[in-house]
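Chemist: Once you've had a glance at the structure underneath, I'll fire off some questions.
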Amino acid sequence: MSPLGKLLSDTRPAAPHAPWRRALAGDATWQAAIGELCTGHLALLGLWGERQAVHMALLDEAHSEIAVLTHECPSGTYPSVALHHAPAIRLERAIRDLFGLEPDGAPDRRPWLDHGTWPLSRPLGAHPRAEIGRQDYAFLAAEGEGLHQIPVGPVHAGIIEPGHFRFNVNGETVVRLEARLGYVHKGIEGLMAGADLARAALLAGRVSGDSTVAYSIAYARAVEAALSAAVPERAHWLRALCAELERIANHLGDIGAICNDASFALMQAHCSALREDVLRAAGACFGHRLMQGCVVPGGMATDIAPEGLALLRRLRAEVAARLPDLTELYDTTTSLQDRTVGTGILSPALARAFAAGGFVGRASGRAFDARRAVAYAPYDRLSFEVPVLDAGDVDARVLLRFREVEQSLSLIAQLLDGMPEGPSRAGLPAGEGPAEGMALVEGFRGDVLAWLRIGADGRIARCHLRDPSWFQWPLLEAAIEGNIVADFPLCNKSFNCSYSGHDL
Amino acid sequence: MIRLLARNLFGPPLTEQPPAADDAAGREIAAALQRASRRHLGHSLAIRHVDAGSCNGCELEIHALGNPYYDLERYGLRFVASPRHADLLLVTGPVTHNMAEALHRTYTAMPGPKWVVAAGTCALDGGCFAGSYAVLGGVSALLPVDLHVAGCPPAPLDLLRGLLAVMERPRKATIA
Ligand code: SF4
């Protein structure tokens, strides 16, 4: 029996939950699950709270199985996962800040999202309290002769999202980096609770603007799973078209920006122009440059513009024609390679332990891609490769993006050729009583998890959206260790974690 | 690289003309922007951007201003790293409680005269995030806003238009 099957064998199923099981776990099963996380048989997909329960999503990569374990917390506590499995640390801190649930034995009890500025603390919990105000935040220490600290942020020197980085350095070398995030926490999960399906879709599409398509698909699929709604085939294909355009646009933007951080502006100029071509085509086809609001539960908000398929064919050809030159430019510019090769190495062991998704994981040997592992429509019908490298450095993360753009171009060709006719949206069936749904969707940055419960009134009772960045941010801290401070922007950009997606 | 450079050298530029023959609006914006920023500041316009809680969609479009199609810098507009060098504060996102202090400090660090442009639906009034326990509201809940650029996110050309409009307004007498 698979490790996940064994875990679930002596559990009670919780509420109706699709497409994977959710089971109530006692202490023993919960601990057994933590044990499997430590051995690496299972990967942590997510950990989130609600008023009186904590949910843990687990992935069995070898068998492509997924399940959710729920630990009920009538007394407000649950056994800490982070005590044994570090990737859960920040998730537990976030649960504590939002719901007031205490992880028993937690290794890190500092707040995370709560900076002491909200009117309430534990705003989503059973017992919100008046905020106690801003407290000093104790950064992790580094000791040794000649060490000094460099505080950076939350406002950075470019057009980027806010977050604080605390460097402990010895001369030029980074001894320890610790990030402090939560600055752009908007309380999205609080706004979701009680929202109707349309408003929740709007919010889901604005968790991380660069991944608006991926989030919208994840949310829509979770709603559709909960309501057992059938979605027209054409909608799946159009969604994938949007998703691949989003991936290409972001990868191009990233490649350019990474090279720019190594002072190689030529690549940035080319990539940003190509990215603009993609966004303009997306705007012409779907009515919005970033394709915000295009994917809705039940299908697509609107079908593709009549001339859209032809336009995308031209765009695809254009990008495909220009990509080899850019790849070559990257490969043959030694001054650029000098900066990227061997810089910011993330070890495959760490990538695996944190179940890092996207290019961060795949550039460090973790061959996980939700399009392949979950094989949701229409990817079960398309042929594509999941490129994997194992050097784990900035160079590998750049090269992987090039490879993924090639794959996306091939997918777009298949999508354009095989685009089914018919409607692109179907009405949603009215749910009968509470229903829960879940989805895992591959965004450009990695797998986005959506979990939700629709109440008897047809509104969202609880919705949790987990950005891939949760498992990538901590790895950036490991990757930068021993590198020089000047290489941080380069490393950071090569990870390109989302602040907003993480802070929610 | 030689091939790419050669092609760039001999191929047509991507940068869209303002001076583009078919884009009267764009050309007008460019010229007026230049005039206005010179009139008010006697030099080009330095912009400091702060994300006060955005979803990062607005940032993507602000970034696009730098691509060869829009090429923001040819108008004398440029993004600067320090608020001390900035004439204009471009704010995106709803202002979260967690970002309010940093935003305010950035504004205070800017020398006068200074402008504040709030970009995007969120920056107007919190947008779809208004009413959250974690959100203070739009930018004007904290800072005097000279202009709001609508859109979710505003398209690059709308951002340019917005910057122009703020430069052309009669200047407030105060030098903060
Ligand atoms: S206006 Fe739209 S794109 Fe901009 S931050 Fe708000 S939700 Fe994101």
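Residue names in the structure tokens use chain letters A, B, ... in the order shown, residue numbers from 1 in each chain, and ligand numbers from 1 in the order shown.
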Could you please select, counting only C-alpha atoms, the residues of chain B within 8 Å of chain A and state them as JSON, numbers by chain?
Modeler: {"B": [1, 4, 14, 49, 50, 51, 52, 53, 54, 55, 56, 57, 58, 59, 60, 62, 63, 64, 67, 68, 69, 79, 80, 81, 82, 96, 97, 98, 99, 102, 128, 129, 132, 133, 134, 135]}
Chemist: Let's have the selection written as a short mmCIF file (atom, residue, chain, number, x, y, z; two decimals), in the first residue's frame, with C-alpha atoms.
Modeler:
```cif
data_model
loop_
_atom_site.label_atom_id
_atom_site.label_comp_id
_atom_site.auth_asym_id
_atom_site.auth_seq_id
_atom_site.Cartn_x
_atom_site.Cartn_y
_atom_site.Cartn_z
CA MET B 1 25.63 38.30 -29.88
CA LEU B 4 21.69 40.14 -32.60
CA LEU B 14 10.89 48.80 -31.63
CA HIS B 49 7.75 53.76 -6.61
CA VAL B 50 6.34 52.17 -3.48
CA ASP B 51 4.18 49.08 -3.42
CA ALA B 52 1.96 49.65 -0.40
CA GLY B 53 0.23 46.29 -0.63
CA SER B 54 -0.42 45.58 -4.28
CA CYS B 55 -1.05 42.17 -5.83
CA ASN B 56 2.02 42.93 -8.03
CA GLY B 57 -0.10 43.34 -11.16
CA CYS B 58 0.40 47.10 -11.11
CA GLU B 59 4.17 46.62 -10.79
CA LEU B 60 4.22 44.53 -13.94
CA ILE B 62 4.96 49.97 -14.41
CA HIS B 63 7.87 47.75 -15.37
CA ALA B 64 6.55 47.62 -18.91
CA ASN B 67 10.54 48.20 -22.28
CA PRO B 68 11.66 49.35 -25.74
CA TYR B 69 8.09 50.01 -26.89
CA PHE B 79 12.81 55.65 -11.57
CA VAL B 80 15.23 56.38 -8.78
CA ALA B 81 16.35 54.20 -5.92
CA SER B 82 16.21 56.76 -3.14
CA THR B 96 -1.92 47.72 4.20
CA HIS B 97 -1.52 48.41 7.90
CA ASN B 98 1.81 46.61 7.69
CA MET B 99 3.10 48.99 4.99
CA ALA B 102 7.18 52.49 5.47
CA CYS B 128 -11.49 44.81 -3.81
CA PHE B 129 -9.44 44.67 -0.61
CA SER B 132 -10.26 44.12 5.35
CA TYR B 133 -8.85 44.20 8.87
CA ALA B 134 -5.40 44.39 7.30
CA VAL B 135 -6.06 47.31 4.96
#
```
Chemist: Can you pull out every residue within 8 Å of Leu136 in chain B, counting only C-alpha atoms, but drop anything in the same chain fewer than 4 positions away, and send it as a list of chain:residue names?
Modeler: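 With the cut-off at 8 Å, the set is B:Pro94, B:Val95, B:Thr96, B:His97, B:Ala100, B:Gly126, B:Ala130, B:Ala141.
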Chemist: Please, could you write that set of residues out with C-alpha atoms as a compact mmCIF listing (two decimals), in the first residue's frame?
Modeler:
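Contents of again-v8.txt, freshly written:
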```txt
# COMPACT_ATOMS: atom_id res chain seq x y z
CA PRO B 94 -4.22 49.34 -1.13
CA VAL B 95 -2.25 50.65 1.83
CA THR B 96 -1.92 47.72 4.20
CA HIS B 97 -1.52 48.41 7.90
CA ALA B 100 1.64 52.27 6.25
CA GLY B 126 -8.51 49.89 -1.42
CA ALA B 130 -11.26 47.58 1.04
CA ALA B 141 -5.98 57.69 3.67
```
Chemist: What's the 10 Å shell around Asp108 in chain A, counting only C-alpha atoms, without same-chain residues fewer than 5 positions away, as a PyMOL selection string?
Modeler: chain A and resi 82-83+86+89-90+92-93+103
Chemist: Skip Leu197 in chain A itself and residues of its chain fewer than 3 positions away, then list as a count of residues only all residues within 8 Å of it, counting only C-alpha atoms.
Modeler: 6
Chemist: What's the 8 Å shell around Cys242 in chain A, counting only C-alpha atoms, without same-chain residues fewer than 2 positions away, as a PyMOL selection string?
Modeler: chain A and resi 213+238-240+244-246+282+291
Chemist: What would the file look like if the residues just selected were written as a compact mmCIF listing (two decimals), in the first residue's frame with N, CA, C and O atoms?
Modeler:
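Final output, part04.txt:
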```
# COMPACT_ATOMS: atom_id res chain seq x y z
N VAL A 213 -3.82 34.07 -13.85
CA VAL A 213 -4.46 32.96 -14.56
C VAL A 213 -4.38 31.68 -13.75
O VAL A 213 -5.38 30.98 -13.55
N LEU A 238 -8.97 26.65 -23.57
CA LEU A 238 -8.71 28.09 -23.54
C LEU A 238 -7.97 28.47 -22.27
O LEU A 238 -7.07 29.33 -22.27
N ARG A 239 -8.35 27.84 -21.16
CA ARG A 239 -7.64 28.10 -19.90
C ARG A 239 -6.16 27.77 -20.05
O ARG A 239 -5.28 28.53 -19.59
N ALA A 240 -5.87 26.63 -20.65
CA ALA A 240 -4.47 26.23 -20.81
C ALA A 240 -3.73 27.22 -21.71
O ALA A 240 -2.56 27.53 -21.49
N GLU A 244 -0.42 29.11 -20.48
CA GLU A 244 0.88 29.03 -21.14
C GLU A 244 1.36 30.41 -21.58
O GLU A 244 2.55 30.70 -21.56
N LEU A 245 0.43 31.26 -21.99
CA LEU A 245 0.83 32.64 -22.32
C LEU A 245 1.38 33.33 -21.08
O LEU A 245 2.38 34.05 -21.13
N GLU A 246 0.71 33.11 -19.95
CA GLU A 246 1.17 33.71 -18.70
C GLU A 246 2.57 33.21 -18.35
O GLU A 246 3.44 33.98 -17.94
N ALA A 282 -2.25 38.79 -25.69
CA ALA A 282 -3.20 38.32 -24.68
C ALA A 282 -4.35 39.32 -24.55
O ALA A 282 -5.52 38.94 -24.46
N MET A 291 -4.70 38.96 -18.48
CA MET A 291 -5.78 37.97 -18.52
C MET A 291 -6.48 37.80 -17.17
O MET A 291 -6.95 36.72 -16.82
```
Chemist: Could you give me, as a PyMOL selection string, each residue of range 292-441 of chain A that DSSP assigns to helix (DSSP H, G or I) when run on this structure's backbone?
Modeler: chain A and resi 308-332+334-340+348-353+358-362+370-373+379-381+394-418
Chemist: Using DSSP on the backbone coordinates, identify all residues within range 144-331 of chain A classified as strand (DSSP E or B); present the result as a VMD selection string.
Modeler: chain A and resid 147 to 152 164 to 170 173 to 180 295 to 296 299 to 300
Chemist: Might you pull out every residue within 12 Å of range 412-419 of chain A, with only C-alpha atoms counted and same-chain residues fewer than 4 positions away left off, and present them as number ranges by chain?
Modeler: A: 232-248, 303-304, 308-317, 319-320, 377-379, 381-384, 405-408, 423-424
Chemist: Report the distance between CA of Leu400 in chain A and CA of Val441 in chain A in Å, rounded to one decimal place.
Modeler: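 CA of Val441 in chain A lies 19.0 Å from CA of Leu400 in chain A.
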Chemist: Which residue is closest to ligand 1? Choose from B:Pro12, B:Gly76, B:Gly162, B:Gly120 and count only C-alpha atoms and all ligand atoms.
Modeler: B:Gly120
Chemist: Would you mind listing what lies within 9 Å of Ala220 in chain A as a list in words, with only C-alpha atoms counted and same-chain residues fewer than 4 positions away left out?
Modeler: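 The neighbour list is Ala201, Tyr215, Ser216, Glu224, Ala225, Val295, Val296, Pro297, Gly298, Gly299, Ala439 and Ala450 of chain A.
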Chemist: Just give me the gap between CA of Pro144 in chain B and CA of Pro156 in chain B in Å, one decimal is fine.
Modeler: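 Taking CA of Pro144 in chain B and CA of Pro156 in chain B, their separation equals 23.3 Å.
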Chemist: Calculated over only C-alpha atoms and all ligand atoms, which of the candidates A:Asp487, A:Val231, A:Ser263, A:Gly293 has the smallest distance to ligand 1?
Modeler: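 Going through A:Asp487, A:Val231, A:Ser263, A:Gly293 one by one, the smallest distance to ligand 1 is for A:Gly293.
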Chemist: As an exercise, work out the distance from CA of Gly66 in chain B to CA of Gln337 in chain A in Å and give it to one decimal place.
Modeler: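 CA of Gln337 in chain A lies 24.4 Å from CA of Gly66 in chain B.
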Chemist: Nearest to ligand 1 among B:Leu89, B:Glu61, B:Pro111, B:Val139, with distances taken over only C-alpha atoms and all ligand atoms: which residue is it?
Modeler: B:Glu61
Chemist: Can you work out which one of A:Ala204, A:Ile217, A:Cys463, A:Leu440 has the shortest atom-to-atom distance to ligand 1, counting only C-alpha atoms and all ligand atoms?
Modeler: A:Ala204
